[in-house]
$ cat run_19.cif   # mmCIF, C-alpha atoms
data_start
loop_
_atom_site.label_atom_id
_atom_site.label_comp_id
_atom_site.auth_asym_id
_atom_site.auth_seq_id
_atom_site.Cartn_x
_atom_site.Cartn_y
_atom_site.Cartn_z
CA MET A 19 -11.95 -52.38 200.44
CA ILE A 20 -11.16 -48.73 201.21
CA ARG A 21 -7.77 -49.69 202.66
CA GLY A 22 -6.86 -51.43 199.37
CA PHE A 23 -7.88 -48.30 197.42
CA VAL A 24 -5.71 -46.10 199.66
CA ILE A 25 -2.74 -48.47 199.23
CA ALA A 26 -3.25 -48.39 195.46
CA LEU A 27 -3.29 -44.59 195.54
CA VAL A 28 -0.04 -44.53 197.52
CA PHE A 29 1.70 -46.91 195.10
CA SER A 30 0.45 -44.98 192.08
CA GLY A 31 1.89 -41.74 193.41
CA GLY A 32 -1.47 -40.47 194.61
CA ALA A 33 -2.82 -39.83 191.12
CA LEU A 34 -5.86 -41.32 189.51
CA VAL A 35 -5.01 -41.74 185.85
CA ALA A 36 -7.31 -43.00 183.13
CA SER A 37 -5.85 -45.71 180.96
CA PRO A 38 -4.77 -44.40 177.52
CA GLU A 39 -6.90 -47.19 176.02
CA ILE A 40 -10.04 -45.87 177.76
CA ALA A 41 -9.33 -42.31 176.63
CA PHE A 42 -8.71 -43.62 173.11
CA ALA A 43 -11.93 -45.64 173.03
CA ASP A 44 -14.04 -42.58 173.72
CA GLY A 45 -12.84 -40.71 170.64
CA TYR A 46 -12.27 -43.22 167.86
CA VAL A 47 -14.17 -46.44 168.50
CA GLY A 48 -16.99 -46.90 166.03
CA HIS A 49 -17.72 -46.94 162.33
CA TRP A 50 -16.23 -44.41 159.95
CA LEU A 51 -16.85 -43.80 156.24
CA ARG A 52 -13.92 -42.97 154.00
CA VAL A 53 -14.24 -39.59 152.28
CA ILE A 54 -13.87 -40.57 148.65
CA THR A 55 -15.99 -39.61 145.66
CA ALA A 56 -17.32 -41.89 142.95
CA GLU A 57 -14.53 -40.53 140.76
CA GLY A 58 -11.89 -41.62 143.29
CA GLU A 59 -11.12 -38.12 144.56
CA GLU A 60 -10.38 -37.74 148.26
CA PRO A 61 -11.49 -34.26 149.34
CA ASP A 62 -10.53 -32.92 152.77
CA PRO A 63 -13.77 -32.22 154.67
CA LYS A 64 -11.78 -30.04 157.16
CA ASN A 65 -14.41 -30.34 159.97
CA ASN A 66 -17.82 -31.70 161.00
CA GLU A 67 -19.62 -29.38 158.55
CA GLY A 68 -17.51 -30.77 155.71
CA CYS A 69 -18.50 -34.29 156.76
CA GLU A 70 -22.17 -33.26 156.73
CA ALA A 71 -21.73 -31.90 153.19
CA PHE A 72 -20.05 -35.17 152.14
CA PHE A 73 -22.98 -37.19 153.54
CA ALA A 74 -25.49 -34.89 151.82
CA VAL A 75 -23.85 -35.56 148.44
CA ARG A 76 -23.87 -39.30 149.17
CA ARG A 77 -27.60 -39.22 149.95
CA VAL A 78 -28.32 -37.64 146.56
CA ARG A 79 -26.23 -40.18 144.60
CA SER A 80 -27.19 -43.79 144.20
CA ARG A 81 -25.41 -46.58 146.10
CA ARG A 82 -23.88 -47.70 142.80
CA GLU A 83 -22.08 -44.36 142.40
CA CYS A 84 -20.85 -44.18 145.99
CA SER A 85 -19.30 -47.34 147.28
CA GLY A 86 -18.98 -47.43 151.04
CA LYS A 87 -15.47 -47.71 152.37
CA ILE A 88 -16.32 -48.42 155.98
CA LEU A 89 -13.66 -48.51 158.70
CA THR A 90 -14.42 -50.03 162.09
CA ILE A 91 -12.15 -49.12 164.98
CA THR A 92 -12.01 -50.95 168.32
CA PRO A 93 -9.36 -50.58 171.04
CA HIS A 94 -7.36 -53.52 169.56
CA ARG A 95 -8.32 -53.71 165.89
CA MET A 96 -9.03 -51.62 162.81
CA GLU A 97 -10.89 -53.17 159.91
CA THR A 98 -12.06 -51.88 156.55
CA ASP A 99 -13.91 -53.40 153.62
CA GLU A 100 -11.25 -52.12 151.19
CA GLU A 101 -9.14 -54.85 149.58
CA GLY A 102 -5.41 -54.67 150.29
CA SER A 103 -5.83 -51.94 152.88
CA ASP A 104 -3.12 -51.15 155.41
CA VAL A 105 -5.78 -50.32 158.01
CA THR A 106 -7.08 -53.84 158.57
CA GLY A 107 -5.45 -55.78 161.35
CA VAL A 108 -4.51 -56.02 164.99
CA VAL A 109 -3.47 -52.58 166.18
CA GLU A 110 -1.60 -51.16 169.15
CA PHE A 111 -2.25 -47.51 169.90
CA GLY A 112 0.18 -45.16 171.59
CA ARG A 113 -0.55 -42.19 173.80
CA THR A 114 -2.50 -39.35 172.21
CA GLU A 115 -0.59 -36.07 172.16
CA GLY A 116 -1.56 -32.91 170.33
CA GLY A 117 -4.59 -34.56 168.74
CA ARG A 118 -2.50 -37.39 167.22
CA THR A 119 -2.52 -41.00 168.28
CA PRO A 120 0.40 -43.07 166.95
CA PHE A 121 -0.18 -46.74 166.23
CA SER A 122 1.42 -49.86 164.87
CA ILE A 123 -0.70 -52.34 162.95
CA LYS A 124 -0.20 -55.82 161.58
CA ALA A 125 -1.89 -55.10 158.26
CA GLU A 126 -3.61 -58.22 156.96
CA HIS A 127 -3.29 -58.58 153.20
CA GLU A 128 -4.61 -61.49 151.17
CA TYR A 129 -1.50 -63.66 151.54
CA SER A 130 0.64 -61.81 154.09
CA VAL A 131 0.78 -59.68 157.21
CA VAL A 132 2.80 -56.47 156.98
CA GLY A 133 3.90 -54.36 159.94
CA ARG A 134 2.97 -50.72 159.46
CA LYS A 135 3.17 -47.59 161.58
CA GLY A 136 1.13 -44.42 161.40
CA PHE A 137 -1.12 -42.12 163.35
CA ILE A 138 -4.74 -41.05 163.66
CA GLU A 139 -5.36 -37.33 163.81
CA GLN A 140 -8.59 -35.95 165.29
CA HIS A 141 -9.66 -32.89 163.25
CA ASP A 142 -13.17 -32.53 164.70
CA SER A 143 -15.47 -34.77 166.71
CA ASN A 144 -16.75 -36.56 163.58
CA TYR A 145 -13.68 -36.25 161.34
CA ILE A 146 -10.35 -38.09 161.54
CA SER A 147 -7.49 -38.81 159.18
CA ILE A 148 -5.25 -41.84 159.24
CA THR A 149 -1.68 -41.58 157.98
CA ILE A 150 0.27 -44.74 157.19
CA HIS A 151 4.06 -44.36 156.89
CA ASP A 152 6.41 -45.98 154.36
CA VAL A 153 3.89 -47.32 151.86
CA GLN A 154 4.80 -48.14 148.26
CA LEU A 155 3.09 -45.41 146.25
CA ASP A 156 3.61 -46.56 142.67
CA GLU A 157 4.98 -49.32 140.45
CA GLN A 158 8.40 -47.63 140.34
CA GLY A 159 8.86 -48.36 144.05
CA SER A 160 8.40 -44.84 145.43
CA VAL A 161 7.74 -44.94 149.16
CA GLY A 162 5.90 -42.34 151.24
CA ASP A 163 2.97 -41.61 153.52
CA VAL A 164 -0.65 -42.30 152.61
CA VAL A 165 -3.42 -40.21 154.19
CA MET A 166 -7.01 -41.45 154.34
CA ARG A 167 -9.86 -39.27 155.63
CA TYR A 168 -12.92 -40.57 157.46
CA CYS A 169 -16.19 -39.16 158.77
CA ARG A 170 -18.08 -40.83 161.60
CA GLN A 171 -20.86 -42.95 160.15
CA ARG A 172 -24.31 -42.62 161.64
#
$ encode --input "run_19.cif" --output "structure tokens"
Amino acid sequence: MIRGFVIALVFSGGALVASPEIAFADGYVGHWLRVITAEGEEPDPKNNEGCEAFFAVRRVRSRRECSGKILTITPHRMETDEEGSDVTGVVEFGRTEGGRTPFSIKAEHEYSVVGRKGFIEQHDSNYISITIHDVQLDEQGSVGDVVMRYCRQR
């Protein structure tokens, strides 16, 4: 058993490296709530304190006024309860660098699957944003990035 470990260390260049998937799982896996008001505004919470303030406002309002836009992230899938979302589907994450984790996702829409690329940015331990590239923004066909902000749900 030990001899096999030593051989593995030699072939790996002597370094013990954690899989990027394991490192990823520690930070993002779980349930997140999209930061969006009843009026459809998407404020930037900026940090954990901003997320706490967002949750405090939600607790005061009724469930009818604040619909939950829940995102669940696992190492191989992202899924939200928002219709037509580009963050529901099988996902492949890249290596995290500078607080950003690039990904490609096969976004599952009602009648199609669309390949999308983007990144998750960690702003604080309980606050992330997800940017999706090359999304149609309006009926005129304008294309650009869409940013969605999420606080860790408890």
$ atom_distance --input "run_19.cif" --atom1 "atom CA of A:Thr106" --atom2 "atom CA of A:Arg118"
19.1 Å
$ closest_residue --input "run_19.cif" --among "A:His151, A:Arg52, A:Lys124, A:Arg113" --to "A:Cys69" --atoms "only C-alpha atoms"
A:Arg52
$ resolve_selection --input "run_19.cif" --expression "the PyMOL selection byres ((chain A and resi 94) around 8)" --output "mmCIF file with C-alpha atoms, in the frame of the given file"
data_model
loop_
_atom_site.group_PDB
_atom_site.id
_atom_site.type_symbol
_atom_site.label_atom_id
_atom_site.label_comp_id
_atom_site.auth_asym_id
_atom_site.auth_seq_id
_atom_site.Cartn_x
_atom_site.Cartn_y
_atom_site.Cartn_z
ATOM 1 C CA ILE A 91 -12.150 -49.120 164.980
ATOM 2 C CA THR A 92 -12.010 -50.950 168.320
ATOM 3 C CA PRO A 93 -9.360 -50.580 171.040
ATOM 4 C CA ARG A 95 -8.320 -53.710 165.890
ATOM 5 C CA MET A 96 -9.030 -51.620 162.810
ATOM 6 C CA VAL A 108 -4.510 -56.020 164.990
ATOM 7 C CA VAL A 109 -3.470 -52.580 166.180
ATOM 8 C CA GLU A 110 -1.600 -51.160 169.150
ATOM 9 C CA PHE A 111 -2.250 -47.510 169.900
#
$ resolve_selection --input "run_19.cif" --expression "the PyMOL selection byres ((chain A and resi 153) around 7)" --output "VMD selection string"
chain A and resid 150 to 152 154 to 155 161 to 164
$ closest_atom_pairs --input "run_19.cif" --of "stretch 74-171 of chain A" --to "stretch 47-50 of chain A" --cutoff "6 Å" --atoms "only C-alpha atoms" --output "CSV"
residue,atom,partner,partner_atom,distance
A:Ile88,CA,A:Trp50,CA,5.6
A:Leu89,CA,A:Trp50,CA,5.0
A:Thr90,CA,A:His49,CA,4.5
A:Ile91,CA,A:Val47,CA,4.9
A:Thr92,CA,A:Val47,CA,5.0
A:Tyr168,CA,A:Trp50,CA,5.6
A:Cys169,CA,A:Trp50,CA,5.4
A:Arg170,CA,A:Trp50,CA,4.4
A:Gln171,CA,A:Trp50,CA,4.9
$ resolve_selection --input "run_19.cif" --expression "the PyMOL selection byres ((chain A and resi 71-73) around 12)" --output "MDAnalysis selection string"
chainID A and resid 50:56 60:70 74:79 84 86 144:145 167:172
$ residues_around --input "run_19.cif" --residues "A:Pro120" --least-positions-apart "3" --cutoff "6 Å" --atoms "all atoms listed in the file" --output "PyMOL selection string"
chain A and resi 111-112+136-137
$ atom_distance --input "run_19.cif" --atom1 "atom CA of A:Gly116" --atom2 "atom CA of A:Lys135"
17.7 Å
$ atom_distance --input "run_19.cif" --atom1 "atom CA of A:His141" --atom2 "atom CA of A:Val165"
13.2 Å
$ closest_residue --input "run_19.cif" --among "A:Asp156, A:Gly58, A:Arg134, A:Tyr129" --to "A:Val105" --atoms "all atoms listed in the file"
A:Arg134
$ closest_residue --input "run_19.cif" --among "A:Thr119, A:Gly133, A:Glu157, A:Ser143" --to "A:Gly107" --atoms "only C-alpha atoms"
A:Gly133
$ closest_residue --input "run_19.cif" --among "A:Ser122, A:Met166, A:Glu128, A:Tyr46" --to "A:Ser147" --atoms "all atoms listed in the file"
A:Met166
